[in-house]
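Visitor: To be precise about what I am sending: the file is called protein-v3.tsv and holds TSV, C-alpha atoms and all ligand atoms.
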chain	number	residue	atom	x	y	z
F	1	MET	CA	10.57	10.07	-2.76
F	2	LEU	CA	12.77	8.28	-5.24
F	3	VAL	CA	11.25	6.19	-8.03
F	4	TYR	CA	12.61	4.05	-10.85
F	5	LEU	CA	11.89	4.90	-14.49
F	6	ASN	CA	13.50	3.12	-17.43
F	7	GLY	CA	16.76	2.12	-15.75
F	8	GLU	CA	17.21	5.23	-13.64
F	9	ILE	CA	16.45	6.03	-10.00
F	10	LEU	CA	15.34	9.64	-9.70
F	11	PRO	CA	13.12	11.95	-7.60
F	12	HIS	CA	9.39	11.31	-8.13
F	13	GLU	CA	8.80	14.86	-9.36
F	14	SER	CA	11.49	14.43	-12.04
F	15	ALA	CA	9.97	11.23	-13.50
F	16	ARG	CA	8.40	12.12	-16.86
F	17	ILE	CA	6.62	10.06	-19.54
F	18	PRO	CA	6.39	11.27	-23.17
F	19	VAL	CA	2.84	11.99	-24.37
F	20	ASP	CA	3.22	9.28	-27.04
F	21	ASP	CA	3.58	6.58	-24.39
F	22	ARG	CA	1.11	3.83	-25.25
F	23	GLY	CA	0.12	3.64	-21.60
F	24	PHE	CA	-1.15	7.23	-21.92
F	25	LEU	CA	-2.68	6.83	-25.40
F	26	PHE	CA	-4.16	3.31	-25.22
F	27	ALA	CA	-3.84	2.09	-21.60
F	28	ASP	CA	-1.56	-0.47	-23.23
F	29	GLY	CA	0.13	-1.76	-20.11
F	30	ILE	CA	0.09	-3.92	-17.01
F	31	TYR	CA	0.56	-2.96	-13.36
F	32	GLU	CA	1.01	-4.55	-9.96
F	33	VAL	CA	0.60	-3.39	-6.38
F	34	ALA	CA	2.26	-5.27	-3.54
F	35	ARG	CA	2.04	-4.51	0.14
F	36	VAL	CA	5.06	-4.06	2.39
F	37	TYR	CA	4.80	-4.80	6.12
F	38	ASP	CA	7.64	-3.41	8.21
F	39	GLY	CA	9.95	-3.40	5.24
F	40	ARG	CA	9.02	-6.90	4.01
F	41	PRO	CA	7.16	-7.17	0.69
F	42	PHE	CA	4.26	-9.62	1.11
F	43	ARG	CA	3.83	-12.36	-1.53
F	44	MET	CA	6.09	-10.53	-3.99
F	45	ASP	CA	6.68	-13.74	-5.96
F	46	ALA	CA	2.95	-14.18	-6.56
F	47	HIS	CA	2.62	-10.55	-7.67
F	48	LEU	CA	5.51	-10.94	-10.12
F	49	ALA	CA	4.09	-14.21	-11.46
F	50	ARG	CA	0.72	-12.52	-12.08
F	51	MET	CA	2.50	-9.63	-13.78
F	52	ALA	CA	4.38	-12.07	-16.04
F	53	ASP	CA	1.03	-13.72	-16.93
F	54	GLY	CA	-0.51	-10.33	-17.74
F	55	LEU	CA	2.42	-9.25	-19.90
F	56	ARG	CA	2.29	-12.58	-21.74
F	57	ALA	CA	-1.47	-12.18	-22.26
F	58	ILE	CA	-1.01	-8.80	-23.94
F	59	ARG	CA	2.09	-10.02	-25.83
F	60	LEU	CA	4.42	-7.51	-24.23
F	61	GLU	CA	7.88	-8.90	-23.75
F	62	ALA	CA	8.51	-8.91	-20.02
F	63	PRO	CA	11.43	-7.01	-18.59
F	64	ASP	CA	13.48	-8.97	-16.03
F	65	LEU	CA	10.92	-9.02	-13.21
F	66	ASP	CA	13.40	-10.30	-10.61
F	67	ARG	CA	15.49	-7.25	-11.40
F	68	LEU	CA	12.40	-5.08	-10.76
F	69	ALA	CA	11.91	-6.81	-7.41
F	70	ALA	CA	15.53	-5.89	-6.57
F	71	VAL	CA	14.83	-2.30	-7.66
F	72	ALA	CA	11.79	-2.26	-5.34
F	73	GLU	CA	14.01	-3.41	-2.46
F	74	GLU	CA	16.49	-0.64	-3.23
F	75	LEU	CA	13.66	1.93	-3.24
F	76	LEU	CA	12.45	0.65	0.14
F	77	ASP	CA	15.94	1.28	1.53
F	78	ARG	CA	16.53	4.62	-0.12
F	79	ASN	CA	13.06	5.94	0.76
F	80	ASN	CA	13.43	4.79	4.41
F	81	LEU	CA	10.48	2.41	4.19
F	82	ARG	CA	11.85	-0.47	6.27
F	83	THR	CA	9.47	0.31	9.13
F	84	GLY	CA	5.70	0.82	9.00
F	85	GLY	CA	3.48	0.24	6.00
F	86	ALA	CA	4.32	0.76	2.33
F	87	THR	CA	3.26	-0.29	-1.13
F	88	ILE	CA	5.29	-1.20	-4.18
F	89	TYR	CA	3.81	-0.15	-7.53
F	90	ILE	CA	5.15	-1.54	-10.80
F	91	GLN	CA	3.89	-0.56	-14.25
F	92	VAL	CA	5.07	-1.68	-17.66
F	93	THR	CA	3.67	-0.21	-20.88
F	94	ARG	CA	4.43	-1.08	-24.49
F	95	GLY	CA	6.53	2.07	-24.79
F	96	VAL	CA	6.61	5.29	-26.78
F	97	ALA	CA	5.57	5.31	-30.45
F	98	PRO	CA	3.43	7.35	-32.88
F	99	ARG	CA	-0.26	6.66	-32.27
F	100	LYS	CA	-1.25	3.57	-34.27
F	101	HIS	CA	-3.28	0.76	-32.76
F	102	ALA	CA	-1.13	-2.19	-33.89
F	103	PHE	CA	2.05	-2.94	-31.97
F	104	PRO	CA	4.97	-0.68	-32.93
F	105	ALA	CA	8.19	-2.39	-34.02
F	106	ASN	CA	11.43	-2.16	-32.06
F	107	VAL	CA	10.05	-0.17	-29.14
F	108	THR	CA	11.42	-0.44	-25.63
F	109	PRO	CA	8.76	-0.89	-22.94
F	110	THR	CA	8.34	1.88	-20.36
F	111	VAL	CA	9.09	0.50	-16.89
F	112	TYR	CA	8.17	2.32	-13.69
F	113	VAL	CA	8.62	1.22	-10.07
F	114	ALA	CA	7.64	3.20	-6.98
F	115	ALA	CA	7.72	2.42	-3.25
F	116	LYS	CA	5.60	4.73	-1.11
F	117	PRO	CA	4.39	4.86	2.49
F	118	PHE	CA	0.95	3.34	2.98
F	119	GLN	CA	-1.45	4.54	5.64
F	120	ASP	CA	-3.75	1.71	6.84
F	121	TYR	CA	-7.48	2.26	6.48
F	122	PRO	CA	-9.11	3.37	9.75
F	123	ALA	CA	-9.37	0.53	12.29
F	124	GLU	CA	-13.16	1.02	12.49
F	125	TYR	CA	-13.50	-0.13	8.85
F	126	PHE	CA	-12.07	-3.51	9.88
F	127	ASP	CA	-13.77	-3.62	13.28
F	128	ALA	CA	-17.29	-2.47	12.37
F	129	GLY	CA	-17.37	-3.17	8.64
F	130	VAL	CA	-18.03	-0.93	5.66
F	131	ALA	CA	-20.88	-0.27	3.24
F	132	ALA	CA	-20.89	-1.39	-0.40
F	133	ILE	CA	-23.16	-0.84	-3.36
F	134	ARG	CA	-23.89	-2.99	-6.41
F	135	VAL	CA	-23.12	-1.83	-9.96
F	136	ALA	CA	-23.61	-3.53	-13.31
F	137	ASP	CA	-20.36	-5.07	-14.58
F	138	THR	CA	-19.65	-3.20	-17.80
F	139	ARG	CA	-16.04	-4.37	-18.09
F	140	TRP	CA	-14.44	-6.38	-20.88
F	141	ALA	CA	-14.13	-10.16	-20.78
F	142	ARG	CA	-10.45	-10.26	-19.72
F	143	CYS	CA	-10.69	-8.96	-16.18
F	144	ASP	CA	-8.05	-11.56	-15.22
F	145	ILE	CA	-5.46	-9.29	-16.85
F	146	LYS	CA	-4.28	-6.57	-14.45
F	147	SER	CA	-4.39	-3.94	-17.16
F	148	VAL	CA	-4.07	-0.21	-16.47
F	149	ALA	CA	-7.38	0.27	-18.37
F	150	LEU	CA	-9.44	0.82	-15.23
F	151	LEU	CA	-12.15	3.26	-16.32
F	152	PRO	CA	-15.11	0.99	-15.41
F	153	ASN	CA	-13.46	0.38	-12.03
F	154	VAL	CA	-12.92	4.11	-11.55
F	155	LEU	CA	-16.57	4.90	-12.40
F	156	ALA	CA	-17.83	2.11	-10.12
F	157	ASN	CA	-15.66	3.23	-7.23
F	158	GLN	CA	-16.73	6.84	-7.73
F	159	ALA	CA	-20.39	5.74	-7.57
F	160	ALA	CA	-19.60	4.00	-4.27
F	161	HIS	CA	-17.84	7.09	-3.01
F	162	GLU	CA	-20.81	9.30	-3.91
F	163	ALA	CA	-23.13	6.86	-2.12
F	164	GLY	CA	-21.00	7.07	1.03
F	165	ALA	CA	-19.85	3.46	0.54
F	166	PHE	CA	-16.35	1.98	0.56
F	167	GLU	CA	-16.64	-0.30	-2.45
F	168	ALA	CA	-18.76	-1.08	-5.50
F	169	ILE	CA	-19.50	-4.74	-6.22
F	170	PHE	CA	-19.77	-5.70	-9.87
F	171	VAL	CA	-22.85	-7.78	-10.75
F	172	ARG	CA	-22.74	-10.00	-13.83
F	173	ASP	CA	-25.76	-12.13	-14.77
F	174	GLY	CA	-27.27	-11.71	-11.31
F	175	VAL	CA	-24.05	-12.79	-9.54
F	176	LEU	CA	-21.94	-10.65	-7.20
F	177	ILE	CA	-18.49	-11.24	-8.58
F	178	GLU	CA	-15.87	-8.83	-7.25
F	179	GLY	CA	-15.25	-5.27	-6.16
F	180	SER	CA	-13.81	-2.36	-8.17
F	181	HIS	CA	-10.42	-2.98	-6.54
F	182	SER	CA	-10.98	-6.06	-4.42
F	183	ASN	CA	-12.36	-9.60	-4.51
F	184	LEU	CA	-15.59	-10.57	-2.76
F	185	LEU	CA	-16.13	-13.49	-0.41
F	186	GLY	CA	-19.30	-14.48	1.41
F	187	VAL	CA	-20.51	-17.05	3.88
F	188	ILE	CA	-23.52	-19.19	2.96
F	189	ASP	CA	-24.56	-22.09	5.26
F	190	GLY	CA	-21.18	-21.86	7.02
F	191	THR	CA	-19.23	-22.24	3.75
F	192	LEU	CA	-16.91	-19.55	2.44
F	193	VAL	CA	-17.99	-18.83	-1.14
F	194	THR	CA	-16.17	-16.76	-3.74
F	195	TYR	CA	-16.46	-16.42	-7.51
F	196	PRO	CA	-14.16	-18.88	-9.31
F	197	LYS	CA	-10.96	-17.61	-10.90
F	198	CYS	CA	-11.76	-17.02	-14.55
F	199	ASN	CA	-11.67	-14.27	-17.17
F	200	TYR	CA	-14.39	-12.27	-15.38
F	201	ILE	CA	-12.41	-11.45	-12.22
F	202	LEU	CA	-8.89	-10.57	-11.24
F	203	GLY	CA	-7.36	-13.55	-9.47
F	204	GLY	CA	-6.42	-11.72	-6.29
F	205	ILE	CA	-3.27	-12.67	-4.41
F	206	THR	CA	-5.11	-11.87	-1.16
F	207	ARG	CA	-8.06	-14.04	-2.24
F	208	ASP	CA	-5.65	-17.00	-2.63
F	209	VAL	CA	-4.10	-16.34	0.78
F	210	VAL	CA	-7.54	-16.07	2.44
F	211	LEU	CA	-8.74	-19.32	0.82
F	212	ASP	CA	-5.57	-21.06	2.09
F	213	LEU	CA	-6.10	-19.68	5.57
F	214	ALA	CA	-9.73	-20.86	5.53
F	215	ARG	CA	-8.62	-24.39	4.60
F	216	GLN	CA	-6.00	-24.35	7.37
F	217	LEU	CA	-8.68	-23.25	9.86
F	218	GLY	CA	-11.05	-26.00	8.73
F	219	ILE	CA	-13.58	-23.55	7.25
F	220	PRO	CA	-15.35	-25.17	4.26
F	221	THR	CA	-14.74	-23.30	0.99
F	222	ARG	CA	-16.45	-23.28	-2.40
F	223	GLU	CA	-15.55	-21.39	-5.55
F	224	GLY	CA	-18.97	-20.59	-6.93
F	225	PRO	CA	-21.55	-17.85	-7.43
F	226	ILE	CA	-23.13	-15.57	-4.83
F	227	HIS	CA	-26.50	-14.82	-6.48
F	228	GLU	CA	-27.94	-11.41	-5.68
F	229	ASP	CA	-31.43	-12.88	-5.38
F	230	ARG	CA	-30.12	-15.29	-2.69
F	231	PHE	CA	-28.83	-12.36	-0.62
F	232	ALA	CA	-30.98	-13.47	2.34
F	233	ASP	CA	-28.83	-16.65	2.62
F	234	VAL	CA	-25.57	-14.67	2.84
F	235	THR	CA	-24.69	-14.37	6.52
F	236	GLU	CA	-21.30	-12.67	6.06
F	237	LEU	CA	-19.64	-10.75	3.28
F	238	PHE	CA	-16.13	-9.33	3.01
F	239	LEU	CA	-13.60	-7.91	0.58
F	240	SER	CA	-10.05	-9.08	0.06
F	241	GLY	CA	-7.23	-7.10	-1.49
F	242	THR	CA	-3.63	-6.05	-1.15
F	243	THR	CA	-4.50	-2.75	0.52
F	244	THR	CA	-8.06	-3.69	1.54
F	245	GLU	CA	-6.85	-6.87	3.35
F	246	VAL	CA	-9.87	-8.62	4.92
F	247	MET	CA	-12.53	-5.90	5.10
F	248	PRO	CA	-16.04	-6.82	6.30
F	249	ILE	CA	-19.08	-5.51	4.42
F	250	THR	CA	-21.98	-5.02	6.83
F	251	ARG	CA	-24.35	-3.12	4.51
F	252	LEU	CA	-25.05	-3.68	0.83
F	253	ASP	CA	-27.15	-1.00	-0.89
F	254	GLY	CA	-28.32	0.08	2.54
F	255	ARG	CA	-29.51	-3.40	3.62
F	256	PRO	CA	-27.76	-5.18	6.48
F	257	VAL	CA	-25.65	-8.21	5.55
F	258	GLY	CA	-26.73	-11.05	7.88
F	259	ASP	CA	-27.45	-9.47	11.25
F	260	GLY	CA	-25.55	-6.32	10.21
F	261	THR	CA	-22.48	-7.06	12.32
F	262	VAL	CA	-19.09	-8.55	11.43
F	263	GLY	CA	-19.51	-12.34	11.43
F	264	PRO	CA	-17.37	-15.01	13.15
F	265	ILE	CA	-15.76	-16.46	10.01
F	266	THR	CA	-14.74	-12.99	8.82
F	267	ARG	CA	-13.25	-12.30	12.26
F	268	ARG	CA	-11.25	-15.53	12.25
F	269	LEU	CA	-9.90	-14.86	8.77
F	270	GLN	CA	-9.10	-11.25	9.64
F	271	ALA	CA	-7.12	-12.39	12.67
F	272	ALA	CA	-5.29	-15.09	10.70
F	273	TYR	CA	-4.46	-12.63	7.91
F	274	ARG	CA	-3.20	-10.06	10.38
F	275	GLU	CA	-1.05	-12.67	12.08
F	276	LEU	CA	0.42	-13.83	8.77
F	277	THR	CA	1.20	-10.36	7.47
F	278	ARG	CA	2.41	-8.82	10.72
F	279	SER	CA	4.48	-11.79	12.00
F	280	ALA	CA	8.25	-11.65	11.51
F	281	ALA	CA	9.38	-13.34	8.27
K	301	LIG	C1	-10.56	-5.67	-9.85
K	301	LIG	C2	-9.73	-6.20	-8.74
K	301	LIG	N1	-10.08	-7.36	-8.17
K	301	LIG	C3	-9.38	-7.88	-7.14
K	301	LIG	C4	-8.27	-7.22	-6.62
K	301	LIG	C5	-7.53	-7.82	-5.46
K	301	LIG	O1	-6.30	-8.36	-5.86
K	301	LIG	P1	-5.08	-8.49	-4.87
K	301	LIG	O2	-5.55	-9.30	-3.70
K	301	LIG	O3	-4.03	-9.20	-5.64
K	301	LIG	O4	-4.70	-7.10	-4.47
K	301	LIG	C6	-7.86	-6.02	-7.19
K	301	LIG	C7	-6.66	-5.34	-6.69
K	301	LIG	O5	-6.29	-4.28	-7.11
K	301	LIG	C8	-8.59	-5.50	-8.29
K	301	LIG	O6	-8.23	-4.35	-8.88
Represent the structure from my file as structure tokens, please.
Guide:
Amino acid sequence: MLVYLNGEILPHESARIPVDDRGFLFADGIYEVARVYDGRPFRMDAHLARMADGLRAIRLEAPDLDRLAAVAEELLDRNNLRTGGATIYIQVTRGVAPRKHAFPANVTPTVYVAAKPFQDYPAEYFDAGVAAIRVADTRWARCDIKSVALLPNVLANQAAHEAGAFEAIFVRDGVLIEGSHSNLLGVIDGTLVTYPKCNYILGGITRDVVLDLARQLGIPTREGPIHEDRFADVTELFLSGTTTEVMPITRLDGRPVGDGTVGPITRRLQAAYRELTRSAA
């Protein structure tokens, strides 16, 4: 596999980062993951716009992101990824400098781009649904920034893994807000409900696409809270994400969601999402 690091395309195993990289020392960086369907990056513009927002938020001067999109295309070609599934990963850190918290002067950001094959999750996850657990949201108050500082997400996802579940759902002030690497949507009284975009969640590209699809299908939508103590009113629950796509949750902490099967609104949105991502551009 070839990857891009700081202006050079080279074999993955030859790509090396100095130990003084601020991404390594401080998690001082931003990343993006985009999905590629049969060689076509999906919603690349939206991913690049979110990356630009994140870089601006941490005051890191953005490299030319269109150039990085072109690099990603070159990697898809050179790694023979024009058929089947793949992901594009982009990471920018503040660069290499002696370890001091404040920004170093005159440092060039570290820029990394990879394109790798992606194996879909098993079909049964989408068909029968997955289990999730709840965890307390211990993250900082800028979860809208797609920072590489993911330790709370790692710990939450590990807890899910150890519980035999697919995802951990962060709970803040009694509200189910998002997953460790996905957004959360539920159905209450026939309305699709998801936590509003704000500093407490990552504004998912997939979440936006799913909300658009719901509007096109005439499904009522509301950006608002899903309270954990109103769980009995939630008839359907699902995750959205670049690699997670539209993934039904049928059990939460061992309790069935609704009647414990994948609900009709989830199915319609799954079908519409599949159609959108798998149809020819
Ligand atoms: C915390 C978190 N929320 C939501 C998402 C979903 O975002 P997207 O649909 O853009 O992949 C992700 C994706 O990695 C995430 O890490």
Visitor: Given the choices F:Val193, F:Val154, F:Leu10, F:Ala52, which gets closest to ligand LIG 301 (chain K) if the distance is worked out from all atoms listed in the file?
Guide: F:Val154
Visitor: I need the residue nearest ligand LIG 301 (chain K) from this list: F:Pro256, F:Gly263, F:Gly190, F:Gly179. Use only C-alpha atoms and all ligand atoms for the distance.
Guide: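 Comparing F:Pro256, F:Gly263, F:Gly190, F:Gly179 against ligand LIG 301 (chain K), the winner is F:Gly179.
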Visitor: Residues of chain F that have any atom at most 6 Å from an atom of ligand LIG 301 (chain K): could you tabulate them with the shortest-distance atom pair and the distance in Å to one decimal, using only C-alpha atoms and all ligand atoms, ordered by chain and increasing number, as JSON lines?
Guide:
{"residue": "F:Gly179", "atom": "CA", "partner": "K:LIG301", "partner_atom": "N1", "distance": 5.9}
{"residue": "F:Ser180", "atom": "CA", "partner": "K:LIG301", "partner_atom": "C1", "distance": 4.9}
{"residue": "F:His181", "atom": "CA", "partner": "K:LIG301", "partner_atom": "O6", "distance": 3.5}
{"residue": "F:Ser182", "atom": "CA", "partner": "K:LIG301", "partner_atom": "C3", "distance": 3.6}
{"residue": "F:Asn183", "atom": "CA", "partner": "K:LIG301", "partner_atom": "C3", "distance": 4.3}
{"residue": "F:Leu202", "atom": "CA", "partner": "K:LIG301", "partner_atom": "N1", "distance": 4.6}
{"residue": "F:Gly204", "atom": "CA", "partner": "K:LIG301", "partner_atom": "O1", "distance": 3.4}
{"residue": "F:Ile205", "atom": "CA", "partner": "K:LIG301", "partner_atom": "O3", "distance": 3.8}
{"residue": "F:Thr206", "atom": "CA", "partner": "K:LIG301", "partner_atom": "O2", "distance": 3.6}
{"residue": "F:Arg207", "atom": "CA", "partner": "K:LIG301", "partner_atom": "O2", "distance": 5.6}
{"residue": "F:Ser240", "atom": "CA", "partner": "K:LIG301", "partner_atom": "O2", "distance": 5.9}
{"residue": "F:Gly241", "atom": "CA", "partner": "K:LIG301", "partner_atom": "O2", "distance": 3.5}
{"residue": "F:Thr242", "atom": "CA", "partner": "K:LIG301", "partner_atom": "O4", "distance": 3.6}
Visitor: Could you work out how far CA of Lys146 in chain F lies from CA of Glu32 in chain F, giving the answer in Å with one decimal?
Guide: 7.2 Å
Visitor: Which residue gives the smallest distance to Cys143 in chain F among F:Pro18, F:Pro264, F:Gly54, F:Gly254, with all atoms listed in the file counted?
Guide: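 With all atoms listed in the file as the atom set, the closest residue is F:Gly54.
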Visitor: May I have the protein, DNA and RNA residues with an atom at most 12 Å from (-24.3, -7.3, -15.5), counting only C-alpha atoms in the file's coordinates, returned as a VMD selection string?
Guide: chain F and resid 134 to 141 169 to 178 200 227 to 228
Visitor: Let me see the file: selected residues, C-alpha atoms, as a PDB file, in the coordinates of the input.
Guide:
ATOM      1  CA  ARG F 134     -23.890  -2.990  -6.410  1.00  0.00           C
ATOM      2  CA  VAL F 135     -23.120  -1.830  -9.960  1.00  0.00           C
ATOM      3  CA  ALA F 136     -23.610  -3.530 -13.310  1.00  0.00           C
ATOM      4  CA  ASP F 137     -20.360  -5.070 -14.580  1.00  0.00           C
ATOM      5  CA  THR F 138     -19.650  -3.200 -17.800  1.00  0.00           C
ATOM      6  CA  ARG F 139     -16.040  -4.370 -18.090  1.00  0.00           C
ATOM      7  CA  TRP F 140     -14.440  -6.380 -20.880  1.00  0.00           C
ATOM      8  CA  ALA F 141     -14.130 -10.160 -20.780  1.00  0.00           C
ATOM      9  CA  ILE F 169     -19.500  -4.740  -6.220  1.00  0.00           C
ATOM     10  CA  PHE F 170     -19.770  -5.700  -9.870  1.00  0.00           C
ATOM     11  CA  VAL F 171     -22.850  -7.780 -10.750  1.00  0.00           C
ATOM     12  CA  ARG F 172     -22.740 -10.000 -13.830  1.00  0.00           C
ATOM     13  CA  ASP F 173     -25.760 -12.130 -14.770  1.00  0.00           C
ATOM     14  CA  GLY F 174     -27.270 -11.710 -11.310  1.00  0.00           C
ATOM     15  CA  VAL F 175     -24.050 -12.790  -9.540  1.00  0.00           C
ATOM     16  CA  LEU F 176     -21.940 -10.650  -7.200  1.00  0.00           C
ATOM     17  CA  ILE F 177     -18.490 -11.240  -8.580  1.00  0.00           C
ATOM     18  CA  GLU F 178     -15.870  -8.830  -7.250  1.00  0.00           C
ATOM     19  CA  TYR F 200     -14.390 -12.270 -15.380  1.00  0.00           C
ATOM     20  CA  HIS F 227     -26.500 -14.820  -6.480  1.00  0.00           C
ATOM     21  CA  GLU F 228     -27.940 -11.410  -5.680  1.00  0.00           C
TER      22      GLU F 228
END
Visitor: My structure is short of atoms at range 244-263 of chain F; please model N, CA and C atoms there, returning them as a JSON list (two decimals), in the frame of the given file.
Guide:
[["chain", "number", "residue", "atom", "x", "y", "z"],
["F", 244, "THR", "N", -6.78, -3.54, 0.84],
["F", 244, "THR", "CA", -8.06, -3.69, 1.54],
["F", 244, "THR", "C", -7.98, -4.77, 2.62],
["F", 245, "GLU", "N", -7.04, -5.72, 2.46],
["F", 245, "GLU", "CA", -6.85, -6.87, 3.35],
["F", 245, "GLU", "C", -8.16, -7.64, 3.49],
["F", 246, "VAL", "N", -8.58, -7.93, 4.73],
["F", 246, "VAL", "CA", -9.87, -8.62, 4.92],
["F", 246, "VAL", "C", -10.83, -7.60, 5.52],
["F", 247, "MET", "N", -11.67, -7.03, 4.68],
["F", 247, "MET", "CA", -12.53, -5.90, 5.10],
["F", 247, "MET", "C", -14.01, -6.32, 5.07],
["F", 248, "PRO", "N", -14.64, -6.37, 6.25],
["F", 248, "PRO", "CA", -16.04, -6.82, 6.30],
["F", 248, "PRO", "C", -16.98, -5.82, 5.63],
["F", 249, "ILE", "N", -17.99, -6.35, 4.93],
["F", 249, "ILE", "CA", -19.08, -5.51, 4.42],
["F", 249, "ILE", "C", -20.28, -5.81, 5.31],
["F", 250, "THR", "N", -20.82, -4.79, 5.95],
["F", 250, "THR", "CA", -21.98, -5.02, 6.83],
["F", 250, "THR", "C", -23.27, -4.45, 6.24],
["F", 251, "ARG", "N", -23.15, -3.63, 5.20],
["F", 251, "ARG", "CA", -24.35, -3.12, 4.51],
["F", 251, "ARG", "C", -24.12, -3.16, 3.00],
["F", 252, "LEU", "N", -25.12, -3.67, 2.29],
["F", 252, "LEU", "CA", -25.05, -3.68, 0.83],
["F", 252, "LEU", "C", -26.28, -2.94, 0.31],
["F", 253, "ASP", "N", -26.04, -1.86, -0.42],
["F", 253, "ASP", "CA", -27.15, -1.00, -0.89],
["F", 253, "ASP", "C", -28.10, -0.65, 0.26],
["F", 254, "GLY", "N", -27.52, -0.37, 1.40],
["F", 254, "GLY", "CA", -28.32, 0.08, 2.54],
["F", 254, "GLY", "C", -28.96, -1.02, 3.35],
["F", 255, "ARG", "N", -28.91, -2.28, 2.86],
["F", 255, "ARG", "CA", -29.51, -3.40, 3.62],
["F", 255, "ARG", "C", -28.44, -4.08, 4.46],
["F", 256, "PRO", "N", -28.78, -4.50, 5.68],
["F", 256, "PRO", "CA", -27.76, -5.18, 6.48],
["F", 256, "PRO", "C", -27.38, -6.53, 5.86],
["F", 257, "VAL", "N", -26.10, -6.87, 5.96],
["F", 257, "VAL", "CA", -25.65, -8.21, 5.55],
["F", 257, "VAL", "C", -25.76, -9.09, 6.79],
["F", 258, "GLY", "N", -26.50, -10.21, 6.70],
["F", 258, "GLY", "CA", -26.73, -11.05, 7.88],
["F", 258, "GLY", "C", -27.40, -10.22, 8.95],
["F", 259, "ASP", "N", -26.84, -10.27, 10.17],
["F", 259, "ASP", "CA", -27.45, -9.47, 11.25],
["F", 259, "ASP", "C", -26.87, -8.05, 11.30],
["F", 260, "GLY", "N", -26.07, -7.69, 10.29],
["F", 260, "GLY", "CA", -25.55, -6.32, 10.21],
["F", 260, "GLY", "C", -24.28, -6.10, 11.01],
["F", 261, "THR", "N", -23.76, -7.19, 11.60],
["F", 261, "THR", "CA", -22.48, -7.06, 12.32],
["F", 261, "THR", "C", -21.43, -7.93, 11.63],
["F", 262, "VAL", "N", -20.18, -7.75, 12.03],
["F", 262, "VAL", "CA", -19.09, -8.55, 11.43],
["F", 262, "VAL", "C", -19.21, -9.98, 11.96],
["F", 263, "GLY", "N", -19.26, -10.95, 11.03],
["F", 263, "GLY", "CA", -19.51, -12.34, 11.43],
["F", 263, "GLY", "C", -18.27, -13.07, 11.91]]
